[in-house]
$ cat upload.cif   # mmCIF, C-alpha atoms, pLDDT in the B column; chains and numbers go by the auth columns
data_upload
#
loop_
_atom_site.group_PDB
_atom_site.id
_atom_site.type_symbol
_atom_site.label_atom_id
_atom_site.label_comp_id
_atom_site.label_asym_id
_atom_site.label_seq_id
_atom_site.Cartn_x
_atom_site.Cartn_y
_atom_site.Cartn_z
_atom_site.B_iso_or_equiv
_atom_site.auth_seq_id
_atom_site.auth_asym_id
ATOM 1 C CA MET A 1 -54.067 -35.888 -17.958 46.00 27 F
ATOM 2 C CA ALA A 2 -53.178 -38.566 -20.549 43.00 28 F
ATOM 3 C CA SER A 3 -54.574 -36.494 -23.437 44.00 29 F
ATOM 4 C CA PHE A 4 -52.607 -33.445 -22.286 41.00 30 F
ATOM 5 C CA ALA A 5 -49.409 -35.456 -22.106 42.00 31 F
ATOM 6 C CA SER A 6 -49.909 -36.883 -25.585 42.00 32 F
ATOM 7 C CA SER A 7 -50.352 -33.394 -27.099 43.00 33 F
ATOM 8 C CA MET A 8 -46.953 -32.160 -25.933 45.00 34 F
ATOM 9 C CA PHE A 9 -44.037 -32.123 -28.355 42.00 35 F
ATOM 10 C CA PRO A 10 -41.288 -34.472 -27.410 43.00 36 F
ATOM 11 C CA MET A 11 -38.319 -32.542 -25.954 45.00 37 F
ATOM 12 C CA PRO A 12 -34.867 -34.096 -26.345 43.00 38 F
ATOM 13 C CA LEU A 13 -33.088 -34.393 -23.055 42.00 39 F
ATOM 14 C CA THR A 14 -29.440 -33.334 -23.217 42.00 40 F
ATOM 15 C CA VAL A 15 -27.069 -33.979 -20.378 42.00 41 F
ATOM 16 C CA ARG A 16 -23.996 -31.718 -20.394 44.00 42 F
ATOM 17 C CA THR A 17 -20.722 -32.827 -19.038 43.00 43 F
ATOM 18 C CA SER A 18 -18.770 -30.809 -16.513 45.00 44 F
ATOM 19 C CA THR A 19 -16.512 -29.589 -19.360 47.00 45 F
ATOM 20 C CA ASP A 20 -19.495 -28.267 -21.326 50.00 46 F
ATOM 21 C CA SER A 21 -20.815 -26.498 -18.236 48.00 47 F
ATOM 22 C CA LEU A 22 -17.432 -24.889 -17.629 46.00 48 F
ATOM 23 C CA GLN A 23 -17.199 -23.641 -21.211 52.00 49 F
ATOM 24 C CA LEU A 24 -20.721 -22.245 -21.053 45.00 50 F
ATOM 25 C CA ALA A 25 -19.931 -20.457 -17.799 46.00 51 F
ATOM 26 C CA LEU A 26 -16.779 -18.959 -19.274 46.00 52 F
ATOM 27 C CA ARG A 27 -18.709 -17.690 -22.304 50.00 53 F
ATOM 28 C CA LEU A 28 -21.332 -16.127 -20.046 44.00 54 F
ATOM 29 C CA ASP A 29 -18.655 -14.502 -17.904 48.00 55 F
ATOM 30 C CA ARG A 30 -16.976 -13.011 -20.960 48.00 56 F
ATOM 31 C CA LEU A 31 -20.297 -11.760 -22.290 44.00 57 F
ATOM 32 C CA SER A 32 -21.127 -10.171 -18.938 45.00 58 F
ATOM 33 C CA LEU A 33 -17.695 -8.535 -18.689 42.00 59 F
ATOM 34 C CA SER A 34 -17.870 -7.233 -22.245 42.00 60 F
ATOM 35 C CA THR A 35 -21.384 -5.828 -21.726 40.00 61 F
ATOM 36 C CA THR A 36 -20.412 -4.173 -18.454 40.00 62 F
ATOM 37 C CA ALA A 37 -17.272 -2.599 -19.932 39.00 63 F
ATOM 38 C CA GLN A 38 -19.203 -1.257 -22.925 40.00 64 F
ATOM 39 C CA SER A 39 -21.926 0.233 -20.730 36.00 65 F
ATOM 40 C CA VAL A 40 -19.347 1.934 -18.493 36.00 66 F
ATOM 41 C CA LEU A 41 -17.443 3.372 -21.442 36.00 67 F
ATOM 42 C CA HIS A 42 -20.675 4.570 -23.027 37.00 68 F
ATOM 43 C CA PHE A 43 -21.538 6.402 -19.826 36.00 69 F
ATOM 44 C CA ARG A 44 -18.202 8.226 -19.513 39.00 70 F
ATOM 45 C CA ARG A 45 -15.262 7.585 -21.784 40.00 71 F
ATOM 46 C CA PRO A 46 -12.206 9.855 -21.637 41.00 72 F
ATOM 47 C CA SER A 47 -10.697 10.678 -24.988 42.00 73 F
ATOM 48 C CA ASN A 48 -7.324 9.226 -23.997 42.00 74 F
ATOM 49 C CA LEU A 49 -8.538 5.951 -22.503 39.00 75 F
ATOM 50 C CA SER A 50 -6.269 3.027 -23.424 40.00 76 F
ATOM 51 C CA PHE A 51 -7.024 -0.704 -23.401 37.00 77 F
ATOM 52 C CA TYR A 52 -4.722 -3.702 -23.268 39.00 78 F
ATOM 53 C CA ARG A 53 -5.734 -7.239 -24.142 41.00 79 F
ATOM 54 C CA GLY A 54 -4.670 -9.979 -21.809 41.00 80 F
ATOM 55 C CA ASP A 55 -5.914 -12.299 -19.118 42.00 81 F
ATOM 56 C CA SER A 56 -7.911 -9.455 -17.579 39.00 82 F
ATOM 57 C CA LEU A 57 -9.300 -6.124 -18.674 40.00 83 F
ATOM 58 C CA LYS A 58 -6.914 -3.281 -17.834 41.00 84 F
ATOM 59 C CA VAL A 59 -7.875 0.368 -18.150 40.00 85 F
ATOM 60 C CA ARG A 60 -5.446 3.271 -18.096 42.00 86 F
ATOM 61 C CA ALA A 61 -6.866 6.776 -17.847 41.00 87 F
ATOM 62 C CA GLU A 62 -4.490 9.731 -17.991 45.00 88 F
ATOM 63 C CA MET A 63 -5.227 13.208 -16.652 45.00 89 F
ATOM 64 C CA ASN A 64 -6.196 15.657 -19.365 48.00 90 F
ATOM 65 C CA GLU A 65 -3.791 18.531 -19.955 49.00 91 F
ATOM 66 C CA PRO A 66 -6.345 21.286 -19.047 49.00 92 F
ATOM 67 C CA GLU A 67 -6.869 19.609 -15.677 49.00 93 F
ATOM 68 C CA ARG A 68 -3.116 19.713 -15.032 51.00 94 F
ATOM 69 C CA VAL A 69 -3.011 23.402 -15.843 49.00 95 F
ATOM 70 C CA ASN A 70 -5.936 24.138 -13.519 51.00 96 F
ATOM 71 C CA ASP A 71 -4.264 22.202 -10.712 50.00 97 F
ATOM 72 C CA VAL A 72 -1.074 24.244 -11.061 49.00 98 F
ATOM 73 C CA GLN A 73 -3.001 27.513 -11.071 49.00 99 F
ATOM 74 C CA SER A 74 -5.014 26.569 -7.996 48.00 100 F
ATOM 75 C CA VAL A 75 -1.881 25.626 -6.049 62.00 101 F
ATOM 76 C CA ASP A 76 0.057 28.833 -6.937 78.00 102 F
ATOM 77 C CA ALA A 77 -2.260 31.266 -5.160 83.00 103 F
ATOM 78 C CA PHE A 78 0.323 34.098 -5.134 89.00 104 F
ATOM 79 C CA ALA A 79 0.949 34.190 -8.884 91.00 105 F
ATOM 80 C CA SER A 80 -1.138 37.354 -9.336 92.00 106 F
ATOM 81 C CA VAL A 81 0.430 39.217 -6.394 95.00 107 F
ATOM 82 C CA LYS A 82 2.276 42.315 -7.671 96.00 108 F
ATOM 83 C CA HIS A 83 2.196 44.688 -4.688 98.00 109 F
ATOM 84 C CA VAL A 84 2.655 43.617 -1.064 98.00 110 F
ATOM 85 C CA LEU A 85 2.117 45.659 2.085 98.00 111 F
ATOM 86 C CA LEU A 86 4.252 45.126 5.186 98.00 112 F
ATOM 87 C CA PRO A 87 2.768 46.908 8.238 98.00 113 F
ATOM 88 C CA VAL A 88 5.082 47.640 11.164 97.00 114 F
ATOM 89 C CA THR A 89 3.159 48.194 14.400 95.00 115 F
ATOM 90 C CA ASP A 90 5.768 47.496 17.111 93.00 116 F
ATOM 91 C CA ARG A 91 8.139 50.091 18.577 92.00 117 F
ATOM 92 C CA ASN A 92 11.176 47.850 18.806 95.00 118 F
ATOM 93 C CA PRO A 93 14.009 49.815 17.124 96.00 119 F
ATOM 94 C CA TYR A 94 15.469 46.544 15.854 96.00 120 F
ATOM 95 C CA LEU A 95 12.044 45.107 14.992 96.00 121 F
ATOM 96 C CA SER A 96 10.317 42.381 16.946 95.00 122 F
ATOM 97 C CA GLU A 97 10.664 38.727 16.059 95.00 123 F
ATOM 98 C CA GLY A 98 7.263 38.719 14.394 96.00 124 F
ATOM 99 C CA THR A 99 8.022 41.800 12.302 97.00 125 F
ATOM 100 C CA ARG A 100 11.369 40.349 11.181 97.00 126 F
ATOM 101 C CA GLN A 101 9.588 37.151 10.173 97.00 127 F
ATOM 102 C CA ALA A 102 6.974 39.139 8.235 97.00 128 F
ATOM 103 C CA ALA A 103 9.734 41.163 6.525 97.00 129 F
ATOM 104 C CA ALA A 104 11.562 38.001 5.453 97.00 130 F
ATOM 105 C CA THR A 105 8.350 36.457 4.106 97.00 131 F
ATOM 106 C CA THR A 106 7.448 39.660 2.268 97.00 132 F
ATOM 107 C CA THR A 107 10.804 39.918 0.503 97.00 133 F
ATOM 108 C CA SER A 108 10.739 36.216 -0.370 97.00 134 F
ATOM 109 C CA LEU A 109 7.277 36.444 -1.967 96.00 135 F
ATOM 110 C CA ALA A 110 8.048 39.721 -3.745 97.00 136 F
ATOM 111 C CA LYS A 111 11.301 38.352 -5.175 96.00 137 F
ATOM 112 C CA LYS A 112 9.638 35.169 -6.423 95.00 138 F
ATOM 113 C CA TYR A 113 6.677 36.868 -8.098 96.00 139 F
ATOM 114 C CA GLY A 114 8.291 40.158 -9.114 96.00 140 F
ATOM 115 C CA ALA A 115 6.138 42.228 -6.775 97.00 141 F
ATOM 116 C CA ASP A 116 6.677 45.665 -5.270 97.00 142 F
ATOM 117 C CA ILE A 117 6.829 46.253 -1.514 98.00 143 F
ATOM 118 C CA THR A 118 5.357 49.067 0.552 98.00 144 F
ATOM 119 C CA VAL A 119 6.097 49.370 4.272 98.00 145 F
ATOM 120 C CA VAL A 120 3.761 51.344 6.510 98.00 146 F
ATOM 121 C CA VAL A 121 4.956 52.275 10.005 97.00 147 F
ATOM 122 C CA ILE A 122 2.014 52.742 12.375 97.00 148 F
ATOM 123 C CA ASP A 123 2.028 54.246 15.871 95.00 149 F
ATOM 124 C CA ASP A 124 -0.536 56.111 17.923 93.00 150 F
ATOM 125 C CA LYS A 125 2.147 58.594 19.034 93.00 151 F
ATOM 126 C CA PRO A 126 3.592 61.354 16.851 93.00 152 F
ATOM 127 C CA LYS A 127 7.122 61.058 15.524 91.00 153 F
ATOM 128 C CA GLU A 128 8.513 63.541 18.055 92.00 154 F
ATOM 129 C CA SER A 129 7.379 61.285 20.910 92.00 155 F
ATOM 130 C CA ILE A 130 9.231 58.219 19.606 92.00 156 F
ATOM 131 C CA PRO A 131 12.925 58.651 20.448 93.00 157 F
ATOM 132 C CA GLU A 132 14.094 55.560 18.563 93.00 158 F
ATOM 133 C CA HIS A 133 12.020 56.144 15.450 94.00 159 F
ATOM 134 C CA ASP A 134 15.005 56.772 13.179 95.00 160 F
ATOM 135 C CA ALA A 135 16.712 53.609 14.430 96.00 161 F
ATOM 136 C CA GLN A 136 13.594 51.625 13.593 97.00 162 F
ATOM 137 C CA ILE A 137 13.488 53.014 10.047 97.00 163 F
ATOM 138 C CA SER A 138 17.159 52.054 9.621 97.00 164 F
ATOM 139 C CA SER A 139 16.348 48.509 10.824 97.00 165 F
ATOM 140 C CA ILE A 140 13.505 48.230 8.312 97.00 166 F
ATOM 141 C CA ARG A 141 15.816 49.274 5.477 97.00 167 F
ATOM 142 C CA TRP A 142 18.479 46.800 6.606 97.00 168 F
ATOM 143 C CA HIS A 143 16.104 43.814 6.805 97.00 169 F
ATOM 144 C CA LEU A 144 14.561 44.487 3.395 97.00 170 F
ATOM 145 C CA SER A 145 18.006 45.025 1.906 97.00 171 F
ATOM 146 C CA GLU A 146 19.031 41.633 3.287 95.00 172 F
ATOM 147 C CA GLY A 147 16.067 40.178 1.424 96.00 173 F
ATOM 148 C CA GLY A 148 17.214 41.785 -1.815 96.00 174 F
ATOM 149 C CA PHE A 149 15.136 44.987 -1.763 96.00 175 F
ATOM 150 C CA LYS A 150 16.902 48.306 -1.478 94.00 176 F
ATOM 151 C CA GLU A 151 14.044 50.078 -3.232 95.00 177 F
ATOM 152 C CA PHE A 152 10.598 49.989 -1.644 97.00 178 F
ATOM 153 C CA GLY A 153 7.790 52.302 -0.665 97.00 179 F
ATOM 154 C CA LEU A 154 7.796 53.687 2.883 97.00 180 F
ATOM 155 C CA MET A 155 4.852 55.358 4.583 97.00 181 F
ATOM 156 C CA GLU A 156 4.501 56.681 8.137 97.00 182 F
ATOM 157 C CA ARG A 157 1.101 56.927 9.777 97.00 183 F
ATOM 158 C CA LEU A 158 1.910 58.310 13.206 96.00 184 F
ATOM 159 C CA GLY A 159 -0.223 59.994 15.849 95.00 185 F
ATOM 160 C CA GLU A 160 -3.474 59.847 13.890 95.00 186 F
ATOM 161 C CA GLY A 161 -5.579 58.368 16.672 92.00 187 F
ATOM 162 C CA LYS A 162 -6.910 55.608 14.397 94.00 188 F
ATOM 163 C CA LEU A 163 -6.929 51.858 14.889 94.00 189 F
ATOM 164 C CA PRO A 164 -3.908 50.232 13.210 95.00 190 F
ATOM 165 C CA THR A 165 -6.278 47.813 11.458 95.00 191 F
ATOM 166 C CA ALA A 166 -8.193 50.735 9.960 95.00 192 F
ATOM 167 C CA ILE A 167 -4.969 52.407 8.810 96.00 193 F
ATOM 168 C CA ILE A 168 -3.801 49.194 7.144 96.00 194 F
ATOM 169 C CA GLY A 169 -7.147 48.975 5.371 95.00 195 F
ATOM 170 C CA GLU A 170 -6.904 52.586 4.178 96.00 196 F
ATOM 171 C CA VAL A 171 -3.388 52.108 2.779 97.00 197 F
ATOM 172 C CA ALA A 172 -4.325 48.817 1.104 96.00 198 F
ATOM 173 C CA ASP A 173 -7.320 50.494 -0.517 95.00 199 F
ATOM 174 C CA GLU A 174 -5.452 53.652 -1.595 96.00 200 F
ATOM 175 C CA LEU A 175 -2.583 51.724 -3.198 96.00 201 F
ATOM 176 C CA ASN A 176 -4.794 48.931 -4.571 96.00 202 F
ATOM 177 C CA LEU A 177 -2.605 46.304 -2.924 96.00 203 F
ATOM 178 C CA ASP A 178 -2.752 42.578 -3.607 97.00 204 F
ATOM 179 C CA LEU A 179 -1.586 41.177 -0.276 97.00 205 F
ATOM 180 C CA VAL A 180 -0.925 42.216 3.331 97.00 206 F
ATOM 181 C CA VAL A 181 1.648 40.242 5.327 97.00 207 F
ATOM 182 C CA LEU A 182 1.260 40.257 9.115 96.00 208 F
ATOM 183 C CA SER A 183 2.638 38.244 11.975 95.00 209 F
ATOM 184 C CA MET A 184 0.260 36.792 14.550 95.00 210 F
ATOM 185 C CA GLU A 185 2.451 38.621 17.036 95.00 211 F
ATOM 186 C CA SER A 186 0.718 41.865 16.061 94.00 212 F
ATOM 187 C CA VAL A 187 -2.606 40.231 16.927 93.00 213 F
ATOM 188 C CA HIS A 188 -1.402 38.774 20.228 94.00 214 F
ATOM 189 C CA SER A 189 0.070 42.141 21.235 92.00 215 F
ATOM 190 C CA LYS A 190 -3.328 43.802 20.573 90.00 216 F
ATOM 191 C CA HIS A 191 -1.870 46.096 17.908 91.00 217 F
ATOM 192 C CA VAL A 192 -4.137 44.568 15.274 93.00 218 F
ATOM 193 C CA ASP A 193 -7.698 43.385 15.820 92.00 219 F
ATOM 194 C CA ALA A 194 -8.115 40.088 13.984 87.00 220 F
ATOM 195 C CA ASN A 195 -11.911 40.409 14.041 88.00 221 F
ATOM 196 C CA LEU A 196 -11.709 43.658 12.044 90.00 222 F
ATOM 197 C CA LEU A 197 -9.299 42.444 9.368 89.00 223 F
ATOM 198 C CA ALA A 198 -12.029 41.310 6.995 86.00 224 F
ATOM 199 C CA GLU A 199 -13.968 44.546 7.538 88.00 225 F
ATOM 200 C CA PHE A 200 -11.176 47.054 6.951 91.00 226 F
ATOM 201 C CA ILE A 201 -8.717 45.290 4.630 94.00 227 F
ATOM 202 C CA PRO A 202 -9.946 44.885 1.020 94.00 228 F
ATOM 203 C CA CYS A 203 -7.340 42.339 -0.082 95.00 229 F
ATOM 204 C CA PRO A 204 -6.069 38.975 1.189 94.00 230 F
ATOM 205 C CA VAL A 205 -4.116 38.941 4.447 95.00 231 F
ATOM 206 C CA LEU A 206 -1.334 36.460 5.164 95.00 232 F
ATOM 207 C CA LEU A 207 -1.095 35.868 8.938 95.00 233 F
ATOM 208 C CA LEU A 208 2.170 34.195 9.930 95.00 234 F
ATOM 209 C CA PRO A 209 2.286 31.990 13.042 92.00 235 F
ATOM 210 C CA LEU A 210 5.174 32.500 15.440 79.00 236 F
#

$ encode --input "upload.cif" --output "structure tokens"
Amino acid sequence: MASFASSMFPMPLTVRTSTDSLQLALRLDRLSLSTTAQSVLHFRRPSNLSFYRGDSLKVRAEMNEPERVNDVQSVDAFASVKHVLLPVTDRNPYLSEGTRQAAATTTSLAKKYGADITVVVIDDKPKESIPEHDAQISSIRWHLSEGGFKEFGLMERLGEGKLPTAIIGEVADELNLDLVVLSMESVHSKHVDANLLAEFIPCPVLLLPL
């Protein structure tokens, strides 16, 4: 043991004060912070990342312009709508509450996006069996005129013996429409089968709650 101890180099023993320990700790903290920040920035660094020197590290990352554009496009889902279909399935000569709501929504969307409107009147009875048919057509014209549309397409599919949902799908396909606007009232009244909408209608359908 004595020979082993004598072969060792003498090591100077240094006792640090509390001030030295504090300074060393601060240097280590700064080194650790700097290394961590560099590794994070190396992993993913936005081109417009800004730094400010001060008591603490502050990072400001701004949203890139392409991301802003994509966000706007994703929110405005109706921007590509240029032709809207408004089906009328009730027999109320002055239009039911749901149909009036659908008409108001249709004119509002069409006015905002510069779209055309087509109205299709659907009934399982022929025109001669509907005494108030002409009054209903006049009501449709009045409501669309109130929404700013005196010119619009009008179709009548009466007495064909087909499901209204199938007729709506046929018209939407024939005219290559972009959107169908319906009130949930037409579903509740059994005029339109909600389960068949996706099968028969080839474009998006906007169902309005009452």

$ atom_distance --input "upload.cif" --atom1 "atom CA of F:Pro230" --atom2 "atom CA of F:Trp168"
26.3 Å

$ resolve_selection --input "upload.cif" --expression "the PyMOL selection byres ((chain F and resi 222) around 12)" --output "PyMOL selection string"
chain F and resi 189-195+213+216-221+223-228+231

$ closest_residue --input "upload.cif" --among "F:His169, F:Lys151, F:Lys108, F:His159" --to "F:Thr131" --atoms "only C-alpha atoms"
F:His169

$ closest_residue --input "upload.cif" --among "F:Leu170, F:Val146, F:Ala128, F:Ile156" --to "F:Pro235" --atoms "all atoms listed in the file"
F:Ala128

$ residues_around --input "upload.cif" --residues "F:Ala136" --least-positions-apart "2" --cutoff "12 Å" --atoms "only C-alpha atoms" --output "JSON, numbers by chain"
{"F": [104, 105, 106, 107, 108, 109, 110, 111, 112, 129, 130, 131, 132, 133, 134, 138, 139, 140, 141, 142, 143, 144, 170, 173, 174, 175, 177, 178, 204, 205, 206, 207]}

$ atom_distance --input "upload.cif" --atom1 "atom CA of F:Met210" --atom2 "atom CA of F:Thr125"
9.5 Å

$ closest_residue --input "upload.cif" --among "F:Arg183, F:Cys229, F:Val145, F:Arg126" --to "F:Ala198" --atoms "all atoms listed in the file"
F:Cys229

$ atom_distance --input "upload.cif" --atom1 "atom CA of F:Asp116" --atom2 "atom CA of F:Glu211"
9.5 Å

$ closest_residue --input "upload.cif" --among "F:Glu154, F:Glu172, F:Asp160, F:Glu186" --to "F:Tyr120" --atoms "all atoms listed in the file"
F:Asp160
